[in-house]
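Okay, so here's the structure we're looking at.
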Amino acid sequence: MAISEKQVEQVAYLARLKITEQEKQLFAQQLTAILEYVEKLNELNTEQVEPLHHILPIYNVFRDDVVQPSVAREEILANAPLVEEGQFKVPRII
C-alpha cells in the first residue's frame, strides 16, 4: 500500500504542520516503507499464538501491610523549627 503525497499533505494539515514539497516526498516514501514492513508481518502464521492483553505478566506489587514500631515523636520533632503541643507548627496561610 503506497502513501501518496496528497495523503501526507492531509495528515500534515490535520496535525497543523507546515511541510515542504521535499518533506512530502520523503514522508510519503518513509510511510510507504513502514506499511510494506507491516504487511510482511501479516504473512506470519499466528494461529497457535494466544492474544495478549499485556506483554508482561501483571501481578500485585504491594507488600503485606504489617504493623511495625515507629520512631519516637520526640525524635521526629527534634529538628522542627516550631513545635506546639507535640505537633509541627506552621504559619497560617489564610
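Chain labels A, B, ... are given in the sequence in which chains occur in the C-alpha cells; within each chain residues are numbered consecutively from 1, and ligands are likewise numbered from 1 in the order shown.
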Inset, instruction - Going by DSSP on the backbone, which bits of chain A are alpha helix (DSSP H)? Write them as a ChimeraX atom specification, please. - result: /A:5-14,21-41,73-77
Convert the current residue selection to file output with C-alpha atoms, as a CSV table (one decimal), in the first residue's frame.
chain,number,residue,atom,x,y,z
A,5,GLU,CA,1.9,13.0,-1.2
A,6,LYS,CA,-1.8,14.1,-1.1
A,7,GLN,CA,-2.4,11.8,1.9
A,8,VAL,CA,0.8,13.1,3.6
A,9,GLU,CA,-0.4,16.7,2.9
A,10,GLN,CA,-3.8,15.9,4.5
A,11,VAL,CA,-2.2,14.4,7.6
A,12,ALA,CA,0.1,17.4,7.9
A,13,TYR,CA,-2.9,19.7,7.7
A,14,LEU,CA,-4.7,17.8,10.4
A,21,GLU,CA,7.5,19.6,-1.1
A,22,GLN,CA,10.7,17.7,-0.4
A,23,GLU,CA,9.4,16.6,3.0
A,24,LYS,CA,6.1,15.5,1.4
A,25,GLN,CA,8.1,13.2,-0.9
A,26,LEU,CA,10.3,11.9,1.9
A,27,PHE,CA,7.5,11.3,4.3
A,28,ALA,CA,5.4,9.5,1.6
A,29,GLN,CA,8.4,7.2,0.9
A,30,GLN,CA,9.0,6.5,4.6
A,31,LEU,CA,5.4,5.8,5.4
A,32,THR,CA,5.1,3.5,2.4
A,33,ALA,CA,8.2,1.6,3.6
A,34,ILE,CA,6.6,1.3,7.1
A,35,LEU,CA,3.3,0.0,5.7
A,36,GLU,CA,5.2,-2.5,3.5
A,37,TYR,CA,7.0,-3.8,6.5
A,38,VAL,CA,3.7,-4.2,8.5
A,39,GLU,CA,2.3,-6.1,5.5
A,40,LYS,CA,5.3,-8.5,5.8
A,41,LEU,CA,4.3,-9.1,9.4
A,73,ARG,CA,7.6,11.5,68.4
A,74,GLU,CA,10.2,13.5,70.2
A,75,GLU,CA,12.9,12.3,67.8
A,76,ILE,CA,10.8,13.3,64.8
A,77,LEU,CA,10.0,16.7,66.2
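A straight line drawn from atom CA of A:Pro91 to atom CA of A:Ala72 is 24.3 Å long.
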Legend entry - Coordinates-based distance that separates atom CA of A:Asp65 from atom CA of A:Gln87 (Å, one decimal): 25.7 Å
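Note that the spacing between atom CA of A:Ala78 and atom CA of A:Val66 amounts to 26.7 Å.
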